[in-house]
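Asker: The structure that follows is given in the form of structure tokens.
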Amino acid sequence: MKRRAWIPPVAALITLSVLASGALAADNTAVPPAGTAPATVTWTIDQVADIALGNHPLVRRSDAETSAAAARKGQAMSPWYPSVTLSTGYSRTRSFSVQSEESLTASNAFLRGNLSVLLTDFGRTGASVNRSDALLSATREAGVTVREDVAFAAKVGYFNVLRAGRNLEVKRETLRQRESLLKQAQAYFEAGIRAKIDVARAEANLYGARAQWSQAENDVRVARITLLNRMGVEGPADFLLSDSLAAETIPGTLPDWVAEAERNRPELKSLRERERAAAQAVRFARGGYLPVLAGAAGYGIVGEEPPLDQEYTVGVTLSVPLFSGFLTREQVKEAEASLSSVRHGLTDARRGVLLQVEQAAYGVSEASERIGARQKEREASDENLRLATARYEVGAGDIIEMIDAQVQMTQADTATIDAQYDYSVSVATLLRAVGR
């Protein structure tokens, strides 16, 4: 069937009238307004990380755990210091004497001070102190891990908010295009140029775009409250973010990054300290076979009535364990098994760090290459949409071609945005993996 010669100019006139009416009715568009209330604050990615480190409860909990570990070290050192006690008391007793056949009453008062000193336990207390010191260092490194995890999660949340916002803009533009296409299809149908099916297709795609816009708007809300949660704050709800994408490249090669991770990762440092603590625990347990030498001294006054009598004691005690029901032997076995467990855990952690560094490095490379490909795809999709729009406006193209071009453009825009923010997240992931 030949195309009628009058269709292109008529279609062009209809298109111009549709565009003009759309401009006049801009205030009544179906796209929800993009404006929001003025924001009270604008955050950069570094500010987001700093706020998270200052407010997140996990960071505060790790600080409290470090303080508790420091106190446990102090407790382990206490046997090295002398122990001083002071006691006093008064008693009054009444008893019957068989010899004198009468009741006797006696009173007694005393005031006594005691001093005890551990002279040596042949290294057992030293092992306990060293173990507590290693556990304190391990707890500190675990706190560093918590801080890095909190900062990393906040940065990912920051990029997710920006990603969701830009995707919302894409969906808003798609909705505007679908509304314009529906108006064109209705105008063509009323002019007798297009069939009713074009109107039905355009209307169906418009409702689909509205649903996608609503979902994108919800994604923005979820991303924003998620970021606030990761920052450990509840507001302000109307914050803005400084839109920044990672542009830097991380110098070095995969072996360099692995070696850096071995040196810097706080998880590995914590496990090394726990290995040291487990070795000291073995030494402490073996100390149960060794004797303990302690000294004690006391001075006091005692008597029924003033002036009270003076008394003092001085002594040295050597305690040698002979048999404890195999308790020490089993404690040594437990400590040695714990040491073995920590060492195997450290080996597994090293392999896990290697895997994380490799995955992060490949992720940065893949995201970088994907950005270039997605940008080319977007340029081609933009040209395809321009040509499809021109063909449809003059009556040379059909509704399916037009809708396909719009869908392809939306997908290309979304894929480009994802590639850009995936690269930023990949860079942050690699920096986290190497312990920076």
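Residue numbering restarts at 1 for every chain of the structure tokens, chains are lettered A, B, ... in their displayed order, and ligands are numbered from 1 as they appear.
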Taking only C-alpha atoms into account, produce a table as a tab-separated table in which each residue of region 101-199 of chain A with an atom at most 7 Å from an atom of region 65-79 of chain A appears once, together with its shortest atom pair and the distance in Å to one decimal, ordered by chain and rising number.
Answerer:
residue	atom	partner	partner_atom	distance
A:Leu118	CA	A:Pro79	CA	6.6
A:Ser128	CA	A:Ala76	CA	6.1
A:Val129	CA	A:Ala76	CA	5.2
A:Ser132	CA	A:Lys73	CA	4.8
A:Asp133	CA	A:Lys73	CA	6.0
A:Leu135	CA	A:Ala69	CA	7.0
A:Leu136	CA	A:Ala69	CA	5.1
A:Thr139	CA	A:Thr66	CA	5.7
A:Arg140	CA	A:Thr66	CA	5.8
Asker: Atoms to include: N, CA, C and O atoms. Write the selected residues as a JSON list (two decimals), in the first residue's frame.
Answerer:
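Contents of selection.json, freshly written:
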[["chain", "number", "residue", "atom", "x", "y", "z"],
["A", 118, "LEU", "N", 53.89, -11.04, 96.14],
["A", 118, "LEU", "CA", 54.30, -12.17, 95.32],
["A", 118, "LEU", "C", 55.76, -12.00, 94.95],
["A", 118, "LEU", "O", 56.13, -11.03, 94.27],
["A", 128, "SER", "N", 50.51, -13.94, 81.84],
["A", 128, "SER", "CA", 49.15, -13.42, 81.89],
["A", 128, "SER", "C", 49.09, -11.97, 81.42],
["A", 128, "SER", "O", 48.18, -11.57, 80.68],
["A", 129, "VAL", "N", 50.08, -11.17, 81.85],
["A", 129, "VAL", "CA", 50.12, -9.76, 81.43],
["A", 129, "VAL", "C", 50.36, -9.66, 79.93],
["A", 129, "VAL", "O", 49.72, -8.87, 79.23],
["A", 132, "SER", "N", 47.20, -10.48, 78.10],
["A", 132, "SER", "CA", 46.23, -9.38, 78.16],
["A", 132, "SER", "C", 46.65, -8.23, 77.26],
["A", 132, "SER", "O", 45.82, -7.58, 76.63],
["A", 133, "ASP", "N", 47.96, -7.97, 77.19],
["A", 133, "ASP", "CA", 48.46, -6.92, 76.31],
["A", 133, "ASP", "C", 48.19, -7.26, 74.84],
["A", 133, "ASP", "O", 47.79, -6.38, 74.05],
["A", 135, "LEU", "N", 45.81, -9.22, 73.74],
["A", 135, "LEU", "CA", 44.36, -9.12, 73.51],
["A", 135, "LEU", "C", 43.92, -7.65, 73.41],
["A", 135, "LEU", "O", 43.01, -7.33, 72.64],
["A", 136, "LEU", "N", 44.56, -6.78, 74.17],
["A", 136, "LEU", "CA", 44.27, -5.35, 74.05],
["A", 136, "LEU", "C", 44.62, -4.84, 72.66],
["A", 136, "LEU", "O", 43.84, -4.11, 72.03],
["A", 139, "THR", "N", 42.08, -6.13, 70.23],
["A", 139, "THR", "CA", 40.82, -5.39, 70.33],
["A", 139, "THR", "C", 40.92, -4.03, 69.65],
["A", 139, "THR", "O", 39.98, -3.57, 69.00],
["A", 140, "ARG", "N", 42.06, -3.38, 69.81],
["A", 140, "ARG", "CA", 42.27, -2.09, 69.14],
["A", 140, "ARG", "C", 42.20, -2.25, 67.62],
["A", 140, "ARG", "O", 41.59, -1.45, 66.93]]
Asker: Contacts of region 109-114 of chain A at 12 Å or less, counting only C-alpha atoms, minus same-chain residues fewer than 6 places along, as a PyMOL selection string?
Answerer: chain A and resi 82-93+295-315
Asker: List the neighbours of region 262-274 of chain A out to 10 Å using only C-alpha atoms; skip same-chain residues closer than 4 positions along the sequence, and give me the result as a tab-separated table (two decimals) with all heavy atoms, in the first residue's frame.
Answerer:
chain	number	residue	atom	x	y	z
A	131	ARG	N	49.64	-11.84	77.68
A	131	ARG	CA	48.42	-12.28	77.00
A	131	ARG	C	47.39	-11.16	76.98
A	131	ARG	O	46.77	-10.88	75.94
A	131	ARG	CB	47.85	-13.51	77.70
A	131	ARG	CG	46.52	-13.99	77.13
A	131	ARG	CD	46.06	-15.25	77.86
A	131	ARG	NE	44.77	-15.70	77.35
A	131	ARG	CZ	43.59	-15.28	77.83
A	131	ARG	NH1	43.57	-14.41	78.84
A	131	ARG	NH2	42.47	-15.73	77.32
A	132	SER	N	47.20	-10.48	78.10
A	132	SER	CA	46.23	-9.38	78.16
A	132	SER	C	46.65	-8.23	77.26
A	132	SER	O	45.82	-7.58	76.63
A	132	SER	CB	46.09	-8.90	79.61
A	132	SER	OG	45.60	-9.92	80.44
A	133	ASP	N	47.96	-7.97	77.19
A	133	ASP	CA	48.46	-6.92	76.31
A	133	ASP	C	48.19	-7.26	74.84
A	133	ASP	O	47.79	-6.38	74.05
A	133	ASP	CB	49.95	-6.71	76.55
A	133	ASP	CG	50.53	-5.63	75.66
A	133	ASP	OD1	50.22	-4.45	75.87
A	133	ASP	OD2	51.29	-5.97	74.73
A	134	ALA	N	48.40	-8.51	74.47
A	134	ALA	CA	48.14	-8.93	73.09
A	134	ALA	C	46.65	-8.83	72.77
A	134	ALA	O	46.25	-8.40	71.69
A	134	ALA	CB	48.64	-10.35	72.87
A	135	LEU	N	45.81	-9.22	73.74
A	135	LEU	CA	44.36	-9.12	73.51
A	135	LEU	C	43.92	-7.65	73.41
A	135	LEU	O	43.01	-7.33	72.64
A	135	LEU	CB	43.61	-9.82	74.65
A	135	LEU	CG	43.71	-11.34	74.66
A	135	LEU	CD1	43.00	-11.91	75.89
A	135	LEU	CD2	43.13	-11.95	73.39
A	136	LEU	N	44.56	-6.78	74.17
A	136	LEU	CA	44.27	-5.35	74.05
A	136	LEU	C	44.62	-4.84	72.66
A	136	LEU	O	43.84	-4.11	72.03
A	136	LEU	CB	45.05	-4.58	75.12
A	136	LEU	CG	44.98	-3.05	75.03
A	136	LEU	CD1	43.54	-2.56	75.12
A	136	LEU	CD2	45.84	-2.41	76.12
A	137	SER	N	45.79	-5.23	72.16
A	137	SER	CA	46.18	-4.82	70.80
A	137	SER	C	45.22	-5.40	69.76
A	137	SER	O	44.86	-4.71	68.79
A	137	SER	CB	47.61	-5.29	70.51
A	137	SER	OG	48.53	-4.68	71.41
A	138	ALA	N	44.81	-6.65	69.97
A	138	ALA	CA	43.86	-7.26	69.03
A	138	ALA	C	42.53	-6.53	69.04
A	138	ALA	O	41.91	-6.32	67.99
A	138	ALA	CB	43.66	-8.73	69.38
A	139	THR	N	42.08	-6.13	70.23
A	139	THR	CA	40.82	-5.39	70.33
A	139	THR	C	40.92	-4.03	69.65
A	139	THR	O	39.98	-3.57	69.00
A	139	THR	CB	40.41	-5.23	71.80
A	139	THR	OG1	40.36	-6.51	72.42
A	139	THR	CG2	39.05	-4.58	71.92
A	140	ARG	N	42.06	-3.38	69.81
A	140	ARG	CA	42.27	-2.09	69.14
A	140	ARG	C	42.20	-2.25	67.62
A	140	ARG	O	41.59	-1.45	66.93
A	140	ARG	CB	43.61	-1.50	69.55
A	140	ARG	CG	43.60	-0.89	70.94
A	140	ARG	CD	44.99	-0.44	71.32
A	140	ARG	NE	45.00	0.20	72.64
A	140	ARG	CZ	46.08	0.32	73.40
A	140	ARG	NH1	47.24	-0.15	72.97
A	140	ARG	NH2	46.00	0.92	74.58
A	141	GLU	N	42.87	-3.27	67.10
A	141	GLU	CA	42.84	-3.50	65.65
A	141	GLU	C	41.43	-3.87	65.19
A	141	GLU	O	41.01	-3.50	64.11
A	141	GLU	CB	43.84	-4.60	65.28
A	141	GLU	CG	45.29	-4.23	65.52
A	141	GLU	CD	45.73	-3.01	64.73
A	141	GLU	OE1	45.14	-2.75	63.67
A	141	GLU	OE2	46.67	-2.32	65.17
A	142	ALA	N	40.71	-4.62	66.02
A	142	ALA	CA	39.32	-4.91	65.68
A	142	ALA	C	38.50	-3.64	65.62
A	142	ALA	O	37.59	-3.49	64.79
A	142	ALA	CB	38.73	-5.89	66.70
A	143	GLY	N	38.81	-2.68	66.51
A	143	GLY	CA	38.15	-1.39	66.46
A	143	GLY	C	38.46	-0.63	65.18
A	143	GLY	O	37.58	0.04	64.62
A	144	VAL	N	39.70	-0.74	64.72
A	144	VAL	CA	40.06	-0.11	63.43
A	144	VAL	C	39.26	-0.75	62.30
A	144	VAL	O	38.79	-0.07	61.38
A	144	VAL	CB	41.58	-0.24	63.18
A	144	VAL	CG1	41.94	0.29	61.80
A	144	VAL	CG2	42.36	0.50	64.25
A	145	THR	N	39.10	-2.07	62.37
A	145	THR	CA	38.29	-2.76	61.35
A	145	THR	C	36.86	-2.25	61.35
A	145	THR	O	36.28	-1.99	60.29
A	145	THR	CB	38.30	-4.28	61.62
A	145	THR	OG1	39.64	-4.77	61.57
A	145	THR	CG2	37.46	-5.01	60.58
A	146	VAL	N	36.30	-2.09	62.53
A	146	VAL	CA	34.93	-1.58	62.63
A	146	VAL	C	34.85	-0.18	62.02
A	146	VAL	O	33.91	0.14	61.27
A	146	VAL	CB	34.47	-1.56	64.09
A	146	VAL	CG1	33.15	-0.81	64.24
A	146	VAL	CG2	34.32	-2.98	64.61
A	148	GLU	N	36.76	1.16	59.71
A	148	GLU	CA	36.88	1.08	58.24
A	148	GLU	C	35.60	0.55	57.62
A	148	GLU	O	35.17	1.04	56.56
A	148	GLU	CB	38.08	0.22	57.87
A	148	GLU	CG	39.42	0.85	58.24
A	148	GLU	CD	40.59	0.04	57.73
A	148	GLU	OE1	40.36	-1.05	57.15
A	148	GLU	OE2	41.75	0.48	57.90
A	256	ASP	N	51.46	-5.78	44.38
A	256	ASP	CA	51.70	-4.66	45.30
A	256	ASP	C	50.53	-4.47	46.25
A	256	ASP	O	50.71	-4.22	47.44
A	256	ASP	CB	51.93	-3.37	44.50
A	256	ASP	CG	53.18	-3.44	43.63
A	256	ASP	OD1	54.11	-4.17	44.01
A	256	ASP	OD2	53.20	-2.78	42.57
A	257	TRP	N	49.32	-4.57	45.71
A	257	TRP	CA	48.14	-4.38	46.54
A	257	TRP	C	47.98	-5.50	47.57
A	257	TRP	O	47.57	-5.26	48.70
A	257	TRP	CB	46.89	-4.29	45.65
A	257	TRP	CG	46.90	-3.08	44.76
A	257	TRP	CD1	47.49	-1.89	45.02
A	257	TRP	CD2	46.30	-2.97	43.47
A	257	TRP	NE1	47.30	-1.02	43.98
A	257	TRP	CE2	46.57	-1.64	43.01
A	257	TRP	CE3	45.56	-3.82	42.65
A	257	TRP	CZ2	46.12	-1.19	41.77
A	257	TRP	CZ3	45.11	-3.36	41.42
A	257	TRP	CH2	45.39	-2.06	40.98
A	258	VAL	N	48.33	-6.72	47.16
A	258	VAL	CA	48.25	-7.84	48.10
A	258	VAL	C	49.24	-7.64	49.24
A	258	VAL	O	48.91	-7.85	50.43
A	258	VAL	CB	48.50	-9.17	47.37
A	258	VAL	CG1	48.65	-10.31	48.37
A	258	VAL	CG2	47.37	-9.48	46.39
A	278	ALA	N	47.41	-16.21	72.36
A	278	ALA	CA	47.23	-17.65	72.54
A	278	ALA	C	48.54	-18.31	72.94
A	278	ALA	O	48.56	-19.25	73.76
A	278	ALA	CB	46.68	-18.27	71.26
A	279	ALA	N	49.67	-17.83	72.39
A	279	ALA	CA	50.97	-18.39	72.77
A	279	ALA	C	51.28	-18.08	74.24
A	279	ALA	O	51.82	-18.94	74.97
A	279	ALA	CB	52.06	-17.82	71.87
A	280	GLN	N	50.93	-16.88	74.69
A	280	GLN	CA	51.14	-16.54	76.09
A	280	GLN	C	50.20	-17.33	77.00
A	280	GLN	O	50.54	-17.64	78.15
A	280	GLN	CB	50.93	-15.04	76.30
A	280	GLN	CG	51.98	-14.16	75.63
A	280	GLN	CD	53.37	-14.41	76.17
A	280	GLN	OE1	53.55	-14.63	77.36
A	280	GLN	NE2	54.36	-14.40	75.28
A	339	LEU	N	45.66	-22.13	70.43
A	339	LEU	CA	46.72	-21.53	69.62
A	339	LEU	C	46.67	-22.07	68.19
A	339	LEU	O	46.80	-21.30	67.22
A	339	LEU	CB	48.08	-21.81	70.25
A	339	LEU	CG	49.31	-21.35	69.46
A	339	LEU	CD1	49.27	-19.86	69.23
A	339	LEU	CD2	50.59	-21.76	70.19
A	342	VAL	N	43.74	-20.45	66.32
A	342	VAL	CA	44.01	-19.07	65.90
A	342	VAL	C	44.93	-19.05	64.68
A	342	VAL	O	44.73	-18.25	63.75
A	342	VAL	CB	44.62	-18.27	67.06
A	342	VAL	CG1	45.08	-16.90	66.58
A	342	VAL	CG2	43.61	-18.12	68.18
A	343	ARG	N	45.92	-19.90	64.66
A	343	ARG	CA	46.84	-19.94	63.52
A	343	ARG	C	46.13	-20.35	62.23
A	343	ARG	O	46.37	-19.78	61.17
A	343	ARG	CB	48.00	-20.89	63.82
A	343	ARG	CG	49.00	-20.30	64.82
A	343	ARG	CD	50.05	-21.31	65.24
A	343	ARG	NE	51.06	-20.66	66.08
A	343	ARG	CZ	51.98	-21.32	66.78
A	343	ARG	NH1	52.02	-22.66	66.74
A	343	ARG	NH2	52.85	-20.66	67.50
A	345	GLY	N	42.97	-19.90	61.68
A	345	GLY	CA	42.12	-18.77	61.34
A	345	GLY	C	42.89	-17.66	60.66
A	345	GLY	O	42.38	-17.01	59.73
A	346	LEU	N	44.13	-17.43	61.08
A	346	LEU	CA	44.96	-16.42	60.44
A	346	LEU	C	45.28	-16.81	59.00
A	346	LEU	O	45.26	-15.97	58.09
A	346	LEU	CB	46.25	-16.23	61.24
A	346	LEU	CG	47.26	-15.22	60.71
A	346	LEU	CD1	46.63	-13.84	60.57
A	346	LEU	CD2	48.50	-15.17	61.61
A	347	THR	N	45.57	-18.08	58.77
A	347	THR	CA	45.82	-18.54	57.40
A	347	THR	C	44.60	-18.34	56.51
A	347	THR	O	44.71	-17.86	55.38
A	347	THR	CB	46.21	-20.03	57.42
A	347	THR	OG1	47.38	-20.22	58.21
A	347	THR	CG2	46.47	-20.53	56.00
A	349	ALA	N	42.23	-16.15	57.00
A	349	ALA	CA	42.02	-14.71	56.83
A	349	ALA	C	42.94	-14.15	55.75
A	349	ALA	O	42.54	-13.29	54.97
A	349	ALA	CB	42.24	-13.99	58.15
A	350	ARG	N	44.18	-14.63	55.70
A	350	ARG	CA	45.10	-14.18	54.65
A	350	ARG	C	44.56	-14.53	53.27
A	350	ARG	O	44.62	-13.72	52.33
A	350	ARG	CB	46.48	-14.82	54.84
A	350	ARG	CG	47.29	-14.26	56.00
A	350	ARG	CD	48.74	-14.66	55.86
A	350	ARG	NE	49.54	-14.22	57.00
A	350	ARG	CZ	49.92	-14.99	58.00
A	350	ARG	NH1	49.55	-16.27	58.03
A	350	ARG	NH2	50.66	-14.52	58.99
A	353	VAL	N	41.71	-12.20	52.45
A	353	VAL	CA	42.18	-10.87	52.04
A	353	VAL	C	42.69	-10.91	50.61
A	353	VAL	O	42.41	-9.99	49.81
A	353	VAL	CB	43.30	-10.40	53.00
A	353	VAL	CG1	44.03	-9.20	52.43
A	353	VAL	CG2	42.70	-10.04	54.36
A	354	LEU	N	43.42	-11.95	50.25
A	354	LEU	CA	43.89	-12.09	48.87
A	354	LEU	C	42.71	-12.13	47.90
A	354	LEU	O	42.73	-11.45	46.86
A	354	LEU	CB	44.73	-13.36	48.73
A	354	LEU	CG	45.15	-13.75	47.31
A	354	LEU	CD1	46.02	-12.66	46.69
A	354	LEU	CD2	45.88	-15.09	47.31
A	432	ARG	N	39.50	-0.11	50.51
A	432	ARG	CA	39.19	-0.85	51.74
A	432	ARG	C	39.92	-2.18	51.78
A	432	ARG	O	40.41	-2.60	52.84
A	432	ARG	CB	37.68	-1.07	51.83
A	432	ARG	CG	37.23	-1.99	52.97
A	432	ARG	CD	37.49	-1.35	54.32
A	432	ARG	NE	37.13	-2.25	55.41
A	432	ARG	CZ	37.95	-3.12	55.97
A	432	ARG	NH1	39.22	-3.23	55.54
A	432	ARG	NH2	37.56	-3.88	56.97
A	433	ALA	N	40.04	-2.84	50.65
A	433	ALA	CA	40.67	-4.17	50.61
A	433	ALA	C	42.15	-4.10	50.93
A	433	ALA	O	42.70	-5.02	51.55
A	433	ALA	CB	40.45	-4.83	49.25
A	434	VAL	N	42.83	-3.01	50.51
A	434	VAL	CA	44.27	-2.90	50.78
A	434	VAL	C	44.54	-2.25	52.12
A	434	VAL	O	45.71	-2.12	52.52
A	434	VAL	CB	44.98	-2.12	49.65
A	434	VAL	CG1	44.81	-2.83	48.32
A	434	VAL	CG2	44.48	-0.69	49.57
A	435	GLY	N	43.50	-1.80	52.83
A	435	GLY	CA	43.67	-1.27	54.17
A	435	GLY	C	43.98	0.20	54.22
A	435	GLY	O	44.57	0.68	55.20
A	436	ARG	N	43.54	0.97	53.21
A	436	ARG	CA	43.77	2.42	53.23
A	436	ARG	C	42.58	3.14	53.84
A	436	ARG	O	41.46	2.66	53.75
A	436	ARG	CB	44.00	2.96	51.82
A	436	ARG	CG	45.26	2.43	51.16
A	436	ARG	CD	45.50	3.13	49.84
A	436	ARG	NE	46.55	2.47	49.07
A	436	ARG	CZ	46.93	2.85	47.85
A	436	ARG	NH1	46.34	3.89	47.28
A	436	ARG	NH2	47.85	2.20	47.21
Asker: To one decimal in Å, tell me the separation between CA of Asp63 (chain A) and CA of Val427 (chain A).
Answerer: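 CA of Val427 (chain A) lies at a distance of 28.0 Å from CA of Asp63 (chain A).
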Asker: Output as a PyMOL selection string all residues of region 180-371 of chain A that backbone DSSP marks as helix (DSSP H, G or I).
Answerer: chain A and resi 180-190+196-231+254-264+266-289+327-371
Asker: Counting only C-alpha atoms, what is within 12 Å of region 237-243 of chain A, bar same-chain residues fewer than 6 positions away, as a tab-separated table (two decimals) with N, CA, C and O atoms, in the first residue's frame?
Answerer:
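Below you can see selection_29.tsv, which holds the result:
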chain	number	residue	atom	x	y	z
A	35	GLY	N	10.92	19.74	42.56
A	35	GLY	CA	11.40	20.62	43.61
A	35	GLY	C	11.17	20.06	45.00
A	35	GLY	O	10.19	19.38	45.26
A	36	THR	N	12.08	20.35	45.89
A	36	THR	CA	11.94	19.94	47.29
A	36	THR	C	12.22	21.14	48.17
A	36	THR	O	12.66	22.19	47.71
A	37	ALA	N	11.95	20.99	49.43
A	37	ALA	CA	12.21	22.06	50.37
A	37	ALA	C	13.70	22.35	50.44
A	37	ALA	O	14.52	21.47	50.21
A	38	PRO	N	14.08	23.58	50.70
A	38	PRO	CA	15.51	23.91	50.77
A	38	PRO	C	16.22	23.04	51.79
A	38	PRO	O	15.75	22.83	52.90
A	39	ALA	N	17.36	22.51	51.37
A	39	ALA	CA	18.11	21.63	52.25
A	39	ALA	C	18.86	22.45	53.29
A	39	ALA	O	19.28	23.58	53.04
A	40	THR	N	19.01	21.89	54.46
A	40	THR	CA	19.71	22.59	55.53
A	40	THR	C	21.21	22.32	55.50
A	40	THR	O	21.98	23.05	56.11
A	41	VAL	N	21.63	21.30	54.79
A	41	VAL	CA	23.05	20.94	54.80
A	41	VAL	C	23.38	20.19	53.52
A	41	VAL	O	22.53	19.50	52.94
A	42	THR	N	24.62	20.37	53.06
A	42	THR	CA	25.12	19.63	51.91
A	42	THR	C	26.39	18.90	52.35
A	42	THR	O	27.33	19.54	52.85
A	43	TRP	N	26.42	17.61	52.17
A	43	TRP	CA	27.55	16.79	52.63
A	43	TRP	C	28.40	16.33	51.46
A	43	TRP	O	27.88	16.00	50.39
A	44	THR	N	29.71	16.28	51.69
A	44	THR	CA	30.63	15.63	50.77
A	44	THR	C	30.85	14.19	51.25
A	44	THR	O	30.43	13.83	52.35
A	45	ILE	N	31.52	13.42	50.44
A	45	ILE	CA	31.73	12.01	50.82
A	45	ILE	C	32.61	11.90	52.06
A	45	ILE	O	32.39	11.04	52.92
A	46	ASP	N	33.60	12.80	52.20
A	46	ASP	CA	34.45	12.76	53.39
A	46	ASP	C	33.66	13.15	54.64
A	46	ASP	O	33.87	12.57	55.72
A	47	GLN	N	32.77	14.12	54.50
A	47	GLN	CA	31.95	14.51	55.65
A	47	GLN	C	31.01	13.39	56.07
A	47	GLN	O	30.79	13.16	57.26
A	48	VAL	N	30.47	12.68	55.10
A	48	VAL	CA	29.59	11.54	55.40
A	48	VAL	C	30.35	10.49	56.20
A	48	VAL	O	29.86	9.97	57.21
A	155	LYS	N	30.19	5.36	52.68
A	155	LYS	CA	30.55	5.82	51.34
A	155	LYS	C	29.70	5.12	50.27
A	155	LYS	O	29.25	5.76	49.31
A	157	GLY	N	26.71	3.95	50.75
A	157	GLY	CA	25.39	4.57	50.86
A	157	GLY	C	25.33	5.93	50.20
A	157	GLY	O	24.32	6.30	49.60
A	158	TYR	N	26.41	6.69	50.30
A	158	TYR	CA	26.51	8.01	49.65
A	158	TYR	C	26.35	7.85	48.13
A	158	TYR	O	25.56	8.57	47.50
A	159	PHE	N	27.11	6.92	47.55
A	159	PHE	CA	27.01	6.71	46.10
A	159	PHE	C	25.64	6.17	45.70
A	159	PHE	O	25.13	6.49	44.62
A	160	ASN	N	25.04	5.35	46.54
A	160	ASN	CA	23.72	4.81	46.22
A	160	ASN	C	22.65	5.89	46.19
A	160	ASN	O	21.72	5.83	45.38
A	161	VAL	N	22.76	6.89	47.07
A	161	VAL	CA	21.81	8.00	47.04
A	161	VAL	C	21.95	8.78	45.73
A	161	VAL	O	20.95	9.12	45.08
A	162	LEU	N	23.20	9.07	45.36
A	162	LEU	CA	23.43	9.79	44.12
A	162	LEU	C	22.96	8.98	42.91
A	162	LEU	O	22.35	9.52	41.97
A	163	ARG	N	23.23	7.69	42.92
A	163	ARG	CA	22.79	6.81	41.84
A	163	ARG	C	21.27	6.82	41.72
A	163	ARG	O	20.72	6.95	40.63
A	164	ALA	N	20.59	6.68	42.86
A	164	ALA	CA	19.13	6.66	42.84
A	164	ALA	C	18.57	7.99	42.35
A	164	ALA	O	17.57	8.02	41.62
A	165	GLY	N	19.21	9.10	42.72
A	165	GLY	CA	18.74	10.40	42.27
A	165	GLY	C	18.87	10.58	40.78
A	165	GLY	O	17.96	11.10	40.10
A	166	ARG	N	19.98	10.15	40.23
A	166	ARG	CA	20.16	10.28	38.77
A	166	ARG	C	19.25	9.32	38.01
A	166	ARG	O	18.75	9.66	36.93
A	221	ARG	N	14.05	7.47	48.31
A	221	ARG	CA	13.71	7.57	49.73
A	221	ARG	C	14.43	6.50	50.55
A	221	ARG	O	14.97	6.77	51.63
A	222	VAL	N	14.42	5.27	50.05
A	222	VAL	CA	15.08	4.17	50.78
A	222	VAL	C	16.58	4.40	50.86
A	222	VAL	O	17.20	4.17	51.91
A	223	ALA	N	17.19	4.86	49.76
A	223	ALA	CA	18.63	5.11	49.77
A	223	ALA	C	18.99	6.21	50.76
A	223	ALA	O	20.03	6.13	51.45
A	224	ARG	N	18.16	7.22	50.89
A	224	ARG	CA	18.45	8.32	51.80
A	224	ARG	C	18.36	7.89	53.26
A	224	ARG	O	19.24	8.20	54.08
A	225	ILE	N	17.31	7.16	53.62
A	225	ILE	CA	17.20	6.72	55.01
A	225	ILE	C	18.26	5.67	55.33
A	225	ILE	O	18.73	5.57	56.47
A	226	THR	N	18.66	4.88	54.33
A	226	THR	CA	19.73	3.92	54.54
A	226	THR	C	21.04	4.64	54.82
A	226	THR	O	21.81	4.22	55.70
A	227	LEU	N	21.31	5.72	54.10
A	227	LEU	CA	22.54	6.47	54.33
A	227	LEU	C	22.54	7.07	55.74
A	227	LEU	O	23.55	7.00	56.45
A	228	LEU	N	21.43	7.64	56.16
A	228	LEU	CA	21.36	8.20	57.51
A	228	LEU	C	21.60	7.11	58.56
A	228	LEU	O	22.28	7.35	59.57
A	229	ASN	N	21.04	5.93	58.31
A	229	ASN	CA	21.25	4.82	59.25
A	229	ASN	C	22.72	4.42	59.31
A	229	ASN	O	23.26	4.16	60.39
A	420	GLN	N	29.06	4.26	36.03
A	420	GLN	CA	29.83	5.34	36.67
A	420	GLN	C	29.91	5.14	38.19
A	420	GLN	O	30.99	5.26	38.78
A	421	TYR	N	28.77	4.85	38.80
A	421	TYR	CA	28.78	4.69	40.25
A	421	TYR	C	29.35	3.34	40.67
A	421	TYR	O	29.90	3.22	41.78
A	424	SER	N	32.95	4.03	41.05
A	424	SER	CA	33.26	4.72	42.31
A	424	SER	C	33.24	3.75	43.48
A	424	SER	O	34.12	3.78	44.35
